[in-house]
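Visitor: You'll find upload-v4.txt just under this line, and it carries compact mmCIF, N, CA, C and O atoms.
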```txt
# COMPACT_ATOMS: atom_id res chain seq x y z
N MET A 10 -9.50 -20.10 -0.72
CA MET A 10 -9.25 -18.81 -0.11
C MET A 10 -9.33 -17.72 -1.17
O MET A 10 -8.67 -17.80 -2.19
N ASN A 11 -10.16 -16.72 -0.94
CA ASN A 11 -10.35 -15.64 -1.89
C ASN A 11 -9.37 -14.51 -1.56
O ASN A 11 -9.43 -13.92 -0.50
N THR A 12 -8.46 -14.21 -2.51
CA THR A 12 -7.48 -13.15 -2.28
C THR A 12 -7.77 -11.92 -3.11
O THR A 12 -6.94 -11.05 -3.25
N SER A 13 -8.95 -11.84 -3.67
CA SER A 13 -9.33 -10.69 -4.48
C SER A 13 -9.33 -9.43 -3.64
O SER A 13 -9.68 -9.44 -2.46
N LEU A 14 -8.94 -8.31 -4.26
CA LEU A 14 -8.95 -7.03 -3.55
C LEU A 14 -10.36 -6.63 -3.14
O LEU A 14 -10.55 -5.88 -2.19
N ASP A 15 -11.36 -7.15 -3.84
CA ASP A 15 -12.74 -6.82 -3.49
C ASP A 15 -13.13 -7.36 -2.13
O ASP A 15 -14.03 -6.86 -1.49
N SER A 16 -12.43 -8.40 -1.67
CA SER A 16 -12.77 -8.99 -0.38
C SER A 16 -12.00 -8.33 0.77
O SER A 16 -12.26 -8.62 1.92
N VAL A 17 -11.06 -7.45 0.44
CA VAL A 17 -10.27 -6.77 1.47
C VAL A 17 -11.10 -5.65 2.10
O VAL A 17 -11.74 -4.88 1.41
N THR A 18 -11.07 -5.58 3.42
CA THR A 18 -11.78 -4.51 4.12
C THR A 18 -10.85 -3.30 4.22
O THR A 18 -9.78 -3.38 4.81
N LEU A 19 -11.29 -2.20 3.62
CA LEU A 19 -10.51 -0.98 3.66
C LEU A 19 -11.01 -0.07 4.76
O LEU A 19 -12.16 -0.17 5.17
N PRO A 20 -10.15 0.83 5.25
CA PRO A 20 -10.64 1.82 6.22
C PRO A 20 -11.82 2.57 5.63
O PRO A 20 -11.96 2.68 4.41
N SER A 21 -12.65 3.11 6.49
CA SER A 21 -13.88 3.74 6.01
C SER A 21 -13.63 4.99 5.18
O SER A 21 -14.45 5.35 4.35
N SER A 22 -12.49 5.67 5.40
CA SER A 22 -12.26 6.89 4.63
C SER A 22 -10.79 7.25 4.58
O SER A 22 -10.00 6.85 5.44
N ILE A 23 -10.44 8.01 3.57
CA ILE A 23 -9.10 8.56 3.47
C ILE A 23 -8.85 9.47 4.66
O ILE A 23 -7.75 9.49 5.22
N GLN A 24 -9.88 10.19 5.07
CA GLN A 24 -9.76 11.10 6.21
C GLN A 24 -9.28 10.34 7.45
O GLN A 24 -8.41 10.82 8.19
N GLU A 25 -9.82 9.16 7.67
CA GLU A 25 -9.43 8.33 8.82
C GLU A 25 -7.94 7.96 8.75
O GLU A 25 -7.23 8.04 9.76
N ILE A 26 -7.47 7.59 7.58
CA ILE A 26 -6.07 7.23 7.40
C ILE A 26 -5.17 8.44 7.65
O ILE A 26 -4.17 8.35 8.37
N VAL A 27 -5.53 9.57 7.06
CA VAL A 27 -4.72 10.78 7.19
C VAL A 27 -4.69 11.26 8.64
O VAL A 27 -3.64 11.71 9.13
N GLU A 28 -5.78 11.11 9.35
CA GLU A 28 -5.79 11.47 10.78
C GLU A 28 -4.79 10.60 11.55
O GLU A 28 -4.09 11.09 12.44
N GLN A 29 -4.72 9.31 11.21
CA GLN A 29 -3.73 8.42 11.84
C GLN A 29 -2.32 8.90 11.53
O GLN A 29 -1.45 8.87 12.40
N VAL A 30 -2.09 9.31 10.29
CA VAL A 30 -0.78 9.80 9.88
C VAL A 30 -0.41 11.04 10.68
O VAL A 30 0.72 11.14 11.20
N PHE A 31 -1.33 11.98 10.83
CA PHE A 31 -1.04 13.19 11.59
C PHE A 31 -0.79 12.89 13.08
O PHE A 31 0.07 13.53 13.69
N ARG A 32 -1.50 11.91 13.62
CA ARG A 32 -1.27 11.55 15.03
C ARG A 32 0.13 10.99 15.24
O ARG A 32 0.78 11.25 16.25
N SER A 33 0.61 10.23 14.28
CA SER A 33 1.92 9.58 14.43
C SER A 33 3.05 10.36 13.75
O SER A 33 4.23 10.03 13.96
N SER A 34 2.71 11.33 12.92
CA SER A 34 3.71 12.08 12.13
C SER A 34 4.53 11.15 11.23
O SER A 34 5.70 11.40 10.95
N PHE A 35 3.88 10.07 10.77
CA PHE A 35 4.56 9.08 9.94
C PHE A 35 3.57 8.49 8.93
O PHE A 35 2.46 8.09 9.31
N LEU A 36 3.98 8.44 7.67
CA LEU A 36 3.17 7.83 6.60
C LEU A 36 3.86 6.55 6.15
O LEU A 36 4.97 6.58 5.61
N SER A 37 3.21 5.43 6.41
CA SER A 37 3.78 4.14 6.00
C SER A 37 3.38 3.82 4.56
O SER A 37 2.44 4.40 4.02
N LEU A 38 4.12 2.90 3.98
CA LEU A 38 3.79 2.48 2.62
C LEU A 38 2.41 1.82 2.58
O LEU A 38 1.67 1.98 1.61
N SER A 39 2.05 1.10 3.63
CA SER A 39 0.73 0.46 3.64
C SER A 39 -0.38 1.50 3.70
O SER A 39 -1.41 1.34 3.03
N GLN A 40 -0.18 2.58 4.46
CA GLN A 40 -1.18 3.65 4.49
C GLN A 40 -1.27 4.34 3.12
O GLN A 40 -2.36 4.62 2.64
N GLU A 41 -0.12 4.57 2.52
CA GLU A 41 -0.10 5.17 1.18
C GLU A 41 -0.84 4.28 0.18
O GLU A 41 -1.64 4.76 -0.63
N ASN A 42 -0.61 2.98 0.26
CA ASN A 42 -1.29 2.03 -0.64
C ASN A 42 -2.79 2.02 -0.40
O ASN A 42 -3.57 1.93 -1.36
N LEU A 43 -3.22 2.10 0.86
CA LEU A 43 -4.66 2.14 1.16
C LEU A 43 -5.30 3.39 0.59
O LEU A 43 -6.40 3.34 0.02
N ILE A 44 -4.62 4.52 0.73
CA ILE A 44 -5.15 5.77 0.16
C ILE A 44 -5.27 5.63 -1.36
O ILE A 44 -6.31 5.98 -1.94
N ASN A 45 -4.24 5.09 -1.99
CA ASN A 45 -4.28 4.90 -3.45
C ASN A 45 -5.42 3.98 -3.86
O ASN A 45 -6.10 4.23 -4.87
N GLU A 46 -5.65 2.93 -3.09
CA GLU A 46 -6.73 1.99 -3.41
C GLU A 46 -8.10 2.67 -3.30
O GLU A 46 -8.97 2.48 -4.14
N LEU A 47 -8.30 3.47 -2.24
CA LEU A 47 -9.57 4.19 -2.09
C LEU A 47 -9.77 5.20 -3.22
O LEU A 47 -10.89 5.35 -3.73
N LEU A 48 -8.70 5.86 -3.62
CA LEU A 48 -8.81 6.79 -4.75
C LEU A 48 -9.14 6.05 -6.03
O LEU A 48 -10.00 6.48 -6.81
N PHE A 49 -8.48 4.92 -6.25
CA PHE A 49 -8.71 4.11 -7.45
C PHE A 49 -10.16 3.64 -7.53
O PHE A 49 -10.79 3.66 -8.59
N ARG A 50 -10.70 3.24 -6.39
CA ARG A 50 -12.09 2.77 -6.34
C ARG A 50 -13.10 3.91 -6.28
O ARG A 50 -14.30 3.67 -6.20
N GLN A 51 -12.60 5.14 -6.28
CA GLN A 51 -13.42 6.35 -6.21
C GLN A 51 -14.29 6.36 -4.95
O GLN A 51 -15.45 6.76 -4.98
N ARG A 52 -13.69 5.92 -3.85
CA ARG A 52 -14.38 5.90 -2.55
C ARG A 52 -13.83 7.05 -1.70
O ARG A 52 -13.06 6.83 -0.77
N TYR A 53 -14.19 8.27 -2.08
CA TYR A 53 -13.72 9.43 -1.34
C TYR A 53 -14.75 10.55 -1.43
O TYR A 53 -15.60 10.57 -2.31
N SER A 54 -14.63 11.47 -0.47
CA SER A 54 -15.53 12.62 -0.40
C SER A 54 -14.71 13.90 -0.54
O SER A 54 -13.47 13.86 -0.59
N GLU A 55 -15.38 15.00 -0.54
CA GLU A 55 -14.68 16.29 -0.58
C GLU A 55 -13.81 16.45 0.66
O GLU A 55 -12.69 16.96 0.59
N ALA A 56 -14.30 16.01 1.81
CA ALA A 56 -13.53 16.09 3.05
C ALA A 56 -12.25 15.25 2.94
O ALA A 56 -11.19 15.66 3.45
N ASP A 57 -12.32 14.09 2.29
CA ASP A 57 -11.14 13.26 2.07
C ASP A 57 -10.11 14.01 1.23
O ASP A 57 -8.92 14.00 1.54
N LEU A 58 -10.56 14.68 0.19
CA LEU A 58 -9.65 15.42 -0.68
C LEU A 58 -9.02 16.60 0.05
O LEU A 58 -7.83 16.91 -0.15
N GLU A 59 -9.78 17.22 0.93
CA GLU A 59 -9.23 18.31 1.73
C GLU A 59 -8.15 17.79 2.67
O GLU A 59 -7.12 18.44 2.88
N MET A 60 -8.36 16.61 3.24
CA MET A 60 -7.35 16.01 4.12
C MET A 60 -6.10 15.63 3.33
O MET A 60 -4.98 15.79 3.81
N LEU A 61 -6.28 15.16 2.10
CA LEU A 61 -5.13 14.85 1.26
C LEU A 61 -4.33 16.11 0.95
O LEU A 61 -3.09 16.08 0.88
N ASP A 62 -5.03 17.22 0.78
CA ASP A 62 -4.36 18.50 0.55
C ASP A 62 -3.51 18.87 1.76
O ASP A 62 -2.35 19.27 1.63
N ARG A 63 -4.08 18.72 2.95
CA ARG A 63 -3.34 19.00 4.19
C ARG A 63 -2.13 18.08 4.33
O ARG A 63 -1.05 18.51 4.73
N LEU A 64 -2.33 16.80 3.98
CA LEU A 64 -1.23 15.84 4.05
C LEU A 64 -0.12 16.21 3.06
O LEU A 64 1.06 16.17 3.40
N SER A 65 -0.50 16.59 1.87
CA SER A 65 0.48 16.99 0.85
C SER A 65 1.33 18.16 1.34
O SER A 65 2.56 18.16 1.19
N LEU A 66 0.67 19.15 1.93
CA LEU A 66 1.40 20.31 2.45
C LEU A 66 2.33 19.90 3.59
O LEU A 66 3.48 20.37 3.66
N ALA A 67 1.86 19.04 4.46
CA ALA A 67 2.69 18.58 5.57
C ALA A 67 3.90 17.79 5.06
O ALA A 67 5.01 17.94 5.59
N LEU A 68 3.70 16.99 4.02
CA LEU A 68 4.82 16.25 3.44
C LEU A 68 5.82 17.20 2.79
O LEU A 68 7.04 17.05 2.96
N LEU A 69 5.33 18.19 2.06
CA LEU A 69 6.21 19.17 1.42
C LEU A 69 7.01 19.97 2.44
O LEU A 69 8.15 20.36 2.19
N ASN A 70 6.41 20.22 3.60
CA ASN A 70 7.07 20.98 4.67
C ASN A 70 7.87 20.08 5.62
O ASN A 70 8.33 20.54 6.67
N HIS A 71 8.00 18.79 5.27
CA HIS A 71 8.77 17.82 6.06
C HIS A 71 8.25 17.69 7.49
O HIS A 71 9.02 17.45 8.41
N GLN A 72 6.95 17.82 7.66
CA GLN A 72 6.32 17.65 8.97
C GLN A 72 5.92 16.20 9.22
O GLN A 72 5.62 15.83 10.35
N ILE A 73 5.90 15.40 8.15
CA ILE A 73 5.53 13.98 8.23
C ILE A 73 6.70 13.17 7.69
O ILE A 73 7.22 13.45 6.61
N GLU A 74 7.11 12.18 8.46
CA GLU A 74 8.16 11.27 8.01
C GLU A 74 7.53 10.18 7.16
O GLU A 74 6.39 9.77 7.41
N THR A 75 8.27 9.70 6.17
CA THR A 75 7.74 8.65 5.30
C THR A 75 8.63 7.42 5.37
O THR A 75 9.84 7.52 5.61
N GLU A 76 8.01 6.28 5.15
CA GLU A 76 8.75 5.02 5.09
C GLU A 76 9.51 4.98 3.78
O GLU A 76 8.95 5.26 2.72
N LYS A 77 10.77 4.64 3.84
CA LYS A 77 11.59 4.55 2.64
C LYS A 77 11.26 3.25 1.90
O LYS A 77 11.16 2.21 2.51
N ARG A 78 11.08 3.37 0.60
CA ARG A 78 10.75 2.20 -0.20
C ARG A 78 11.84 1.13 -0.12
O ARG A 78 11.55 -0.04 -0.05
N SER A 79 13.10 1.51 -0.10
CA SER A 79 14.18 0.54 -0.02
C SER A 79 14.18 -0.20 1.32
O SER A 79 14.49 -1.37 1.39
N ALA A 80 13.79 0.51 2.40
CA ALA A 80 13.71 -0.13 3.72
C ALA A 80 12.60 -1.16 3.75
O ALA A 80 12.74 -2.20 4.38
N ALA A 81 11.50 -0.88 3.06
CA ALA A 81 10.38 -1.81 3.04
C ALA A 81 10.76 -3.08 2.29
O ALA A 81 10.36 -4.19 2.64
N LYS A 82 11.55 -2.95 1.22
CA LYS A 82 11.98 -4.13 0.46
C LYS A 82 12.92 -5.00 1.26
O LYS A 82 12.92 -6.21 1.16
N ALA A 83 13.74 -4.39 2.11
CA ALA A 83 14.72 -5.12 2.92
C ALA A 83 14.05 -5.88 4.06
O ALA A 83 14.58 -6.86 4.54
N ALA A 84 12.90 -5.42 4.49
CA ALA A 84 12.21 -6.02 5.64
C ALA A 84 11.58 -7.35 5.31
O ALA A 84 11.42 -7.78 4.26
```
Translate this file's structure into structure tokens.

Guide:
Amino acid sequence: MNTSLDSVTLPSSIQEIVEQVFRSSFLSLSQENLINELLFRQRYSEADLEMLDRLSLALLNHQIETEKRSAAKAA
């Protein structure tokens, strides 16, 4: 069984993930990790960065709820 990150299928774009976040008004740790992975692999466009800017503003304005790291460890 290959568990390499290279074999993991990621969403097609950061924009897609952020749109899901805006629809639900909630950012999960798994969504945050997927965004970080796409950024790390440099798989993003200018539109993705613009969506991250919108997400950052929404988080700063408390318009998006986030999963607490301690709650994720307890689960």

Visitor: Work out how far apart atom N of Ser39 of chain A and atom C of Glu25 of chain A are and give it in Å to one decimal.

Guide: 13.2 Å

Visitor: Between A:Ala56, A:Phe49, A:Asn70, A:Arg63, which has the minimum distance to Phe31 of chain A (counting only C-alpha atoms)?

Guide: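 Going through A:Ala56, A:Phe49, A:Asn70, A:Arg63 one by one, the smallest distance to Phe31 of chain A is for A:Arg63.
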
Visitor: Report, in Å to a single decimal, how far apart atom O of Asn42 of chain A and atom N of Ser21 of chain A are.

Guide: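 According to the coordinates, atom N of Ser21 of chain A and atom O of Asn42 of chain A are separated by 12.1 Å.
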
Visitor: For a quick check of understanding, using only C-alpha atoms, which of A:Leu48, A:Leu58, A:Leu64, A:Ile73 has the smallest distance to Val27 of chain A?

Guide: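 For Val27 of chain A, the nearest of the candidates is A:Leu64.
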
Visitor: Separation of atom CA of Met60 of chain A and atom O of Ile26 of chain A, in Å?

Guide: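 A separation of 9.3 Å between them.
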
Visitor: Return the single residue from A:Val30, A:Ile23, A:Leu38, A:Leu47 that is closest to Gln72 of chain A, with distances computed using all atoms listed in the file.

Guide: A:Val30

Visitor: Kindly indicate which residue among A:Ser54, A:Gln29, A:Gln24, A:Ser37 lies nearest to Glu76 of chain A, using all atoms listed in the file for the distances.

Guide: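 Selected residue with least distance to Glu76 of chain A: A:Ser37.
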
Visitor: Counting all atoms listed in the file, figure out which residue out of A:Glu59, A:Thr75, A:Leu69, A:Ser22 gets nearest to Ile44 of chain A.

Guide: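 Nearest candidate to Ile44 of chain A out of A:Glu59, A:Thr75, A:Leu69, A:Ser22: A:Ser22.
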
Visitor: Any chance you could work out the axis-aligned box around segment 64-76 of chain A, listed atoms only, 8 Å on each side, giving centre and edge lengths in Å to one decimal, as lines of an AutoDock Vina configuration file?

Guide:
```
center_x = 3.8
center_y = 13.0
center_z = 5.6
size_x = 28.2
size_y = 32.0
size_z = 25.5
```
